[in-house]
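See below for model.pdb, which holds PDB, C-alpha atoms and all ligand atoms.
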ATOM      1  CA  MET A 136      10.602  10.258   6.262
ATOM      2  CA  THR A 137       7.631  12.515   6.905
ATOM      3  CA  THR A 138       7.320  13.129   3.180
ATOM      4  CA  LEU A 139       7.298   9.382   2.532
ATOM      5  CA  PHE A 140       4.477   8.880   5.078
ATOM      6  CA  ARG A 141       2.527  11.722   3.553
ATOM      7  CA  ILE A 142       2.877  10.364   0.007
ATOM      8  CA  THR A 143       2.005   6.821   1.129
ATOM      9  CA  GLY A 144      -1.022   8.063   3.047
ATOM     10  CA  ARG A 145      -2.151  10.102   0.066
ATOM     11  CA  PHE A 146      -1.782   7.058  -2.188
ATOM     12  CA  PHE A 147      -3.930   4.820   0.025
ATOM     13  CA  LYS A 148      -6.595   7.484   0.401
ATOM     14  CA  PHE A 149      -6.690   7.861  -3.352
ATOM     15  CA  LEU A 150      -7.044   4.082  -3.753
ATOM     16  CA  ARG A 151     -10.004   4.150  -1.358
ATOM     17  CA  SER A 152     -11.671   6.853  -3.463
ATOM     18  CA  LEU A 153     -10.945   4.927  -6.635
ATOM     19  CA  TYR A 154     -12.578   1.851  -5.097
ATOM     20  CA  ARG A 155     -15.693   3.856  -4.161
ATOM     21  CA  HIS A 156     -15.816   5.304  -7.667
ATOM     22  CA  SER A 157     -15.631   1.855  -9.267
ATOM     23  CA  MET A 158     -18.310   0.510  -6.888
ATOM     24  CA  ASN A 159     -20.478   3.433  -8.013
ATOM     25  CA  GLU A 160     -20.084   2.210 -11.617
ATOM     26  CA  GLY A 161     -17.819   5.118 -12.532
ATOM     27  CA  LYS A 162     -20.674   7.630 -12.504
ATOM     28  CA  LEU A 163     -19.773  11.279 -13.055
ATOM     29  CA  VAL A 164     -21.589  14.440 -11.990
ATOM     30  CA  GLU A 165     -23.002  16.977 -14.410
ATOM     31  CA  LEU A 166     -20.854  19.890 -15.545
ATOM     32  CA  GLU A 167     -22.723  22.356 -13.305
ATOM     33  CA  THR A 168     -21.954  20.297 -10.204
ATOM     34  CA  TYR A 169     -18.353  19.837 -11.282
ATOM     35  CA  VAL A 170     -17.883  23.599 -11.623
ATOM     36  CA  LEU A 171     -19.449  24.253  -8.205
ATOM     37  CA  ARG A 172     -17.116  21.707  -6.622
ATOM     38  CA  MET A 173     -14.050  23.025  -8.416
ATOM     39  CA  ASN A 174     -14.851  26.577  -7.322
ATOM     40  CA  GLN A 175     -14.760  25.405  -3.699
ATOM     41  CA  CYS A 176     -11.530  23.492  -4.203
ATOM     42  CA  ASN A 177      -9.866  26.397  -5.981
ATOM     43  CA  GLU A 178     -10.452  28.598  -2.928
ATOM     44  CA  CYS A 179      -9.480  25.923  -0.412
ATOM     45  CA  ASP A 180      -6.215  26.148   1.505
ATOM     46  CA  ARG A 181      -6.052  22.336   1.607
ATOM     47  CA  ARG A 182      -5.544  22.197  -2.132
ATOM     48  CA  SER A 183      -1.893  21.723  -3.021
ATOM     49  CA  HIS A 184      -1.349  22.051  -6.767
ATOM     50  CA  ILE A 185      -3.293  19.118  -8.238
ATOM     51  CA  TRP A 186      -3.857  17.390  -4.885
ATOM     52  CA  CYS A 187      -6.317  17.662  -2.022
ATOM     53  CA  GLU A 188      -4.167  17.372   1.100
ATOM     54  CA  GLU A 189      -7.180  16.275   3.172
ATOM     55  CA  CYS A 190      -8.160  13.219   1.177
ATOM     56  CA  GLY A 191      -5.173  12.651  -1.084
ATOM     57  CA  CYS A 192      -7.195  12.805  -4.291
ATOM     58  CA  LEU A 193      -6.439  14.465  -7.569
ATOM     59  CA  VAL A 194      -8.813  17.420  -7.276
ATOM     60  CA  GLU A 195      -9.854  17.596 -10.915
ATOM     61  CA  GLU A 196     -10.734  13.885 -10.935
ATOM     62  CA  LYS A 197     -12.382  13.892  -7.524
ATOM     63  CA  CYS A 198     -14.762  16.685  -8.490
ATOM     64  CA  TRP A 199     -16.100  14.640 -11.408
ATOM     65  CA  TRP A 200     -16.738  11.476  -9.409
ATOM     66  CA  GLU A 201     -20.298  11.188  -8.123
ATOM     67  CA  SER A 202     -19.202   8.989  -5.225
ATOM     68  CA  GLU A 203     -16.895  11.650  -3.765
ATOM     69  CA  ASP A 204     -17.489  14.217  -1.081
ATOM     70  CA  CYS A 205     -15.337  16.894   0.495
ATOM     71  CA  PRO A 206     -13.771  15.785   3.794
ATOM     72  CA  LEU A 207     -14.308  19.324   5.106
ATOM     73  CA  ASN A 208     -17.933  19.423   3.889
ATOM     74  CA  ARG A 209     -17.248  22.328   1.574
ATOM     75  CA  TRP A 210     -19.286  20.419  -0.992
ATOM     76  CA  VAL A 211     -21.397  17.295  -0.673
ATOM     77  CA  LEU A 212     -22.216  14.025  -2.403
ATOM     78  CA  LYS A 213     -24.333  14.342  -5.534
ATOM     79  CA  ASN A 214     -27.329  12.671  -3.895
ATOM     80  CA  GLU A 215     -27.165  15.102  -0.946
ATOM     81  CA  GLU A 216     -27.396  18.250  -3.102
TER      82      GLU A 216
HETATM   83  S1  LIG A 301     -12.128  18.360  -1.605
HETATM   84 FE1  LIG A 301     -12.577  19.777   0.072
HETATM   85  S2  LIG A 301     -10.751  19.771   1.372
HETATM   86 FE2  LIG A 301     -10.166  18.931  -0.624
HETATM   87  S3  LIG A 301      -9.430  20.698  -1.801
HETATM   88 FE3  LIG A 301     -11.584  20.430  -2.289
HETATM   89  S4  LIG A 301     -12.657  21.813  -0.890
HETATM   90 FE4  LIG A 301     -10.594  21.473  -0.057
END
Just dump the structure as structure tokens.
Amino acid sequence: MTTLFRITGRFFKFLRSLYRHSMNEGKLVELETYVLRMNQCNECDRRSHIWCEECGCLVEEKCWWESEDCPLNRWVLKNEE
């Protein structure tokens, strides 16, 4: 049951991020920013395979989306850099 709650929670968090991304007109960050973000995620203990356990997002997608930030503030929104 715990696994079901975790998967459901992850799904709804991902939907929220997808909504923010679409409201931001699908804008992506530049490659340099993407690499900086991915470097943080790759070293993060909250990354679980392709997922961020904190926000439920697919890490490789999340790092491209301008509207996203890290819930642990390991990296910030594009307009805060
Ligand atoms: S978004 Fe933040 S919390 Fe999630 S894996 Fe990346 S660095 Fe970790």
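Here atom CA of Arg155 of chain A is placed at a distance of 9.5 Å from atom CA of Glu201 of chain A.
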What do you get as a list in words if you pick all residues at most 8 Å from ligand LIG 301 (chain A), counting all atoms listed in the file?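 With all atoms listed in the file and a cut-off of 8 Å, ligand LIG 301 (chain A) is contacted by Arg172, Met173, Gln175, Cys176, Asn177, Glu178, Cys179, Asp180, Arg181, Arg182, Ser183, Trp186, Cys187, Glu188, Glu189, Cys190, Cys192, Val194, Lys197, Cys198, Asp204, Cys205, Pro206, Leu207, Asn208, Arg209 and Trp210 of chain A.
Nearest to Ser152 of chain A of all the residues A:Ile185, A:Leu166, A:Leu193, A:Leu171 is A:Leu193, counting only C-alpha atoms.
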Interatomic distance (Å, one decimal) between atom CA of Gly144 of chain A and atom CA of Gly161 of chain A: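 Distance between the two atoms: 23.1 Å.
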Could you tell me how far atom CA of Thr168 of chain A sits from atom CA of Phe147 of chain A, in Å to one decimal place?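 Between atom CA of Phe147 of chain A and atom CA of Thr168 of chain A the gap works out to 25.9 Å.
By chain and then residue number, the residues within 12 Å of Ser157 of chain A are Leu150, Arg151, Ser152, Leu153, Gly161, Lys162, Leu163, Trp200, Glu201, Ser202 and Glu203 of chain A, counting all atoms listed in the file and disregarding those fewer than 4 positions away in sequence.
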Using only C-alpha atoms, can you tell me which of A:Arg141, A:Val211, A:Trp199, A:Val170 comes closest to His156 of chain A? A:Trp199
Please give the centre and size of the box around segment 136-150 of chain A (axis-aligned, containing every atom listed in the file, 3 Å added per side), with values in Å to one decimal and written as lines of an AutoDock Vina configuration file.
center_x = 1.8
center_y = 8.6
center_z = 1.6
size_x = 23.6
size_y = 15.0
size_z = 16.7
Output segment 166-202 of chain A as a PDB file, keeping the file's coordinate frame, making sure N, CA and C atoms are there.
ATOM      1  N   LEU A 166     -21.834  18.804 -15.463  1.00  0.00           N
ATOM      2  CA  LEU A 166     -20.854  19.890 -15.545  1.00  0.00           C
ATOM      3  C   LEU A 166     -21.116  20.973 -14.488  1.00  0.00           C
ATOM      4  N   GLU A 167     -22.380  21.304 -14.270  1.00  0.00           N
ATOM      5  CA  GLU A 167     -22.723  22.356 -13.305  1.00  0.00           C
ATOM      6  C   GLU A 167     -22.216  22.002 -11.900  1.00  0.00           C
ATOM      7  N   THR A 168     -22.417  20.761 -11.512  1.00  0.00           N
ATOM      8  CA  THR A 168     -21.954  20.297 -10.204  1.00  0.00           C
ATOM      9  C   THR A 168     -20.431  20.292 -10.145  1.00  0.00           C
ATOM     10  N   TYR A 169     -19.820  19.849 -11.221  1.00  0.00           N
ATOM     11  CA  TYR A 169     -18.353  19.837 -11.282  1.00  0.00           C
ATOM     12  C   TYR A 169     -17.802  21.249 -11.064  1.00  0.00           C
ATOM     13  N   VAL A 170     -18.375  22.219 -11.740  1.00  0.00           N
ATOM     14  CA  VAL A 170     -17.883  23.599 -11.623  1.00  0.00           C
ATOM     15  C   VAL A 170     -18.071  24.121 -10.196  1.00  0.00           C
ATOM     16  N   LEU A 171     -19.210  23.823  -9.588  1.00  0.00           N
ATOM     17  CA  LEU A 171     -19.449  24.253  -8.205  1.00  0.00           C
ATOM     18  C   LEU A 171     -18.398  23.650  -7.265  1.00  0.00           C
ATOM     19  N   ARG A 172     -18.121  22.381  -7.457  1.00  0.00           N
ATOM     20  CA  ARG A 172     -17.116  21.707  -6.622  1.00  0.00           C
ATOM     21  C   ARG A 172     -15.733  22.307  -6.843  1.00  0.00           C
ATOM     22  N   MET A 173     -15.375  22.490  -8.103  1.00  0.00           N
ATOM     23  CA  MET A 173     -14.050  23.025  -8.416  1.00  0.00           C
ATOM     24  C   MET A 173     -13.869  24.438  -7.851  1.00  0.00           C
ATOM     25  N   ASN A 174     -14.944  25.228  -7.884  1.00  0.00           N
ATOM     26  CA  ASN A 174     -14.851  26.577  -7.322  1.00  0.00           C
ATOM     27  C   ASN A 174     -14.491  26.521  -5.842  1.00  0.00           C
ATOM     28  N   GLN A 175     -15.086  25.563  -5.123  1.00  0.00           N
ATOM     29  CA  GLN A 175     -14.760  25.405  -3.699  1.00  0.00           C
ATOM     30  C   GLN A 175     -13.311  24.960  -3.520  1.00  0.00           C
ATOM     31  N   CYS A 176     -12.910  24.004  -4.317  1.00  0.00           N
ATOM     32  CA  CYS A 176     -11.530  23.492  -4.203  1.00  0.00           C
ATOM     33  C   CYS A 176     -10.509  24.561  -4.559  1.00  0.00           C
ATOM     34  N   ASN A 177     -10.825  25.374  -5.555  1.00  0.00           N
ATOM     35  CA  ASN A 177      -9.866  26.397  -5.981  1.00  0.00           C
ATOM     36  C   ASN A 177      -9.622  27.440  -4.898  1.00  0.00           C
ATOM     37  N   GLU A 178     -10.600  27.621  -4.008  1.00  0.00           N
ATOM     38  CA  GLU A 178     -10.452  28.598  -2.928  1.00  0.00           C
ATOM     39  C   GLU A 178      -9.969  27.962  -1.634  1.00  0.00           C
ATOM     40  N   CYS A 179      -9.762  26.666  -1.646  1.00  0.00           N
ATOM     41  CA  CYS A 179      -9.480  25.923  -0.412  1.00  0.00           C
ATOM     42  C   CYS A 179      -7.978  25.899  -0.111  1.00  0.00           C
ATOM     43  N   ASP A 180      -7.639  26.162   1.136  1.00  0.00           N
ATOM     44  CA  ASP A 180      -6.215  26.148   1.505  1.00  0.00           C
ATOM     45  C   ASP A 180      -5.666  24.734   1.663  1.00  0.00           C
ATOM     46  N   ARG A 181      -6.519  23.725   1.556  1.00  0.00           N
ATOM     47  CA  ARG A 181      -6.052  22.336   1.607  1.00  0.00           C
ATOM     48  C   ARG A 181      -5.712  21.794   0.229  1.00  0.00           C
ATOM     49  N   ARG A 182      -5.964  22.599  -0.791  1.00  0.00           N
ATOM     50  CA  ARG A 182      -5.544  22.197  -2.132  1.00  0.00           C
ATOM     51  C   ARG A 182      -4.072  22.528  -2.289  1.00  0.00           C
ATOM     52  N   SER A 183      -3.316  21.540  -2.778  1.00  0.00           N
ATOM     53  CA  SER A 183      -1.893  21.723  -3.021  1.00  0.00           C
ATOM     54  C   SER A 183      -1.605  21.309  -4.462  1.00  0.00           C
ATOM     55  N   HIS A 184      -1.518  22.300  -5.335  1.00  0.00           N
ATOM     56  CA  HIS A 184      -1.349  22.051  -6.767  1.00  0.00           C
ATOM     57  C   HIS A 184      -2.513  21.188  -7.268  1.00  0.00           C
ATOM     58  N   ILE A 185      -2.227  19.962  -7.690  1.00  0.00           N
ATOM     59  CA  ILE A 185      -3.293  19.118  -8.238  1.00  0.00           C
ATOM     60  C   ILE A 185      -3.936  18.234  -7.171  1.00  0.00           C
ATOM     61  N   TRP A 186      -3.415  18.302  -5.944  1.00  0.00           N
ATOM     62  CA  TRP A 186      -3.857  17.390  -4.885  1.00  0.00           C
ATOM     63  C   TRP A 186      -4.744  18.063  -3.840  1.00  0.00           C
ATOM     64  N   CYS A 187      -5.637  17.261  -3.254  1.00  0.00           N
ATOM     65  CA  CYS A 187      -6.317  17.662  -2.022  1.00  0.00           C
ATOM     66  C   CYS A 187      -5.520  17.046  -0.876  1.00  0.00           C
ATOM     67  N   GLU A 188      -4.981  17.880  -0.008  1.00  0.00           N
ATOM     68  CA  GLU A 188      -4.167  17.372   1.100  1.00  0.00           C
ATOM     69  C   GLU A 188      -5.016  16.663   2.160  1.00  0.00           C
ATOM     70  N   GLU A 189      -6.305  16.937   2.193  1.00  0.00           N
ATOM     71  CA  GLU A 189      -7.180  16.275   3.172  1.00  0.00           C
ATOM     72  C   GLU A 189      -7.446  14.821   2.818  1.00  0.00           C
ATOM     73  N   CYS A 190      -7.765  14.581   1.549  1.00  0.00           N
ATOM     74  CA  CYS A 190      -8.160  13.219   1.177  1.00  0.00           C
ATOM     75  C   CYS A 190      -7.164  12.525   0.255  1.00  0.00           C
ATOM     76  N   GLY A 191      -6.200  13.261  -0.249  1.00  0.00           N
ATOM     77  CA  GLY A 191      -5.173  12.651  -1.084  1.00  0.00           C
ATOM     78  C   GLY A 191      -5.557  12.493  -2.540  1.00  0.00           C
ATOM     79  N   CYS A 192      -6.728  13.003  -2.924  1.00  0.00           N
ATOM     80  CA  CYS A 192      -7.195  12.805  -4.291  1.00  0.00           C
ATOM     81  C   CYS A 192      -6.649  13.858  -5.241  1.00  0.00           C
ATOM     82  N   LEU A 193      -6.674  13.492  -6.510  1.00  0.00           N
ATOM     83  CA  LEU A 193      -6.439  14.465  -7.569  1.00  0.00           C
ATOM     84  C   LEU A 193      -7.713  15.300  -7.671  1.00  0.00           C
ATOM     85  N   VAL A 194      -7.619  16.576  -7.409  1.00  0.00           N
ATOM     86  CA  VAL A 194      -8.813  17.420  -7.276  1.00  0.00           C
ATOM     87  C   VAL A 194      -9.684  17.386  -8.533  1.00  0.00           C
ATOM     88  N   GLU A 195      -9.052  17.518  -9.689  1.00  0.00           N
ATOM     89  CA  GLU A 195      -9.854  17.596 -10.915  1.00  0.00           C
ATOM     90  C   GLU A 195     -10.584  16.283 -11.216  1.00  0.00           C
ATOM     91  N   GLU A 196     -10.038  15.166 -10.781  1.00  0.00           N
ATOM     92  CA  GLU A 196     -10.734  13.885 -10.935  1.00  0.00           C
ATOM     93  C   GLU A 196     -11.823  13.755  -9.879  1.00  0.00           C
ATOM     94  N   LYS A 197     -11.458  14.026  -8.652  1.00  0.00           N
ATOM     95  CA  LYS A 197     -12.382  13.892  -7.524  1.00  0.00           C
ATOM     96  C   LYS A 197     -13.685  14.661  -7.754  1.00  0.00           C
ATOM     97  N   CYS A 198     -13.568  15.857  -8.292  1.00  0.00           N
ATOM     98  CA  CYS A 198     -14.762  16.685  -8.490  1.00  0.00           C
ATOM     99  C   CYS A 198     -15.718  16.103  -9.524  1.00  0.00           C
ATOM    100  N   TRP A 199     -15.231  15.285 -10.418  1.00  0.00           N
ATOM    101  CA  TRP A 199     -16.100  14.640 -11.408  1.00  0.00           C
ATOM    102  C   TRP A 199     -16.823  13.428 -10.837  1.00  0.00           C
ATOM    103  N   TRP A 200     -16.219  12.767  -9.870  1.00  0.00           N
ATOM    104  CA  TRP A 200     -16.738  11.476  -9.409  1.00  0.00           C
ATOM    105  C   TRP A 200     -17.935  11.657  -8.482  1.00  0.00           C
ATOM    106  N   GLU A 201     -19.054  11.062  -8.893  1.00  0.00           N
ATOM    107  CA  GLU A 201     -20.298  11.188  -8.123  1.00  0.00           C
ATOM    108  C   GLU A 201     -20.148  10.654  -6.701  1.00  0.00           C
ATOM    109  N   SER A 202     -19.331   9.652  -6.527  1.00  0.00           N
ATOM    110  CA  SER A 202     -19.202   8.989  -5.225  1.00  0.00           C
ATOM    111  C   SER A 202     -18.401   9.803  -4.204  1.00  0.00           C
TER     112      SER A 202
END
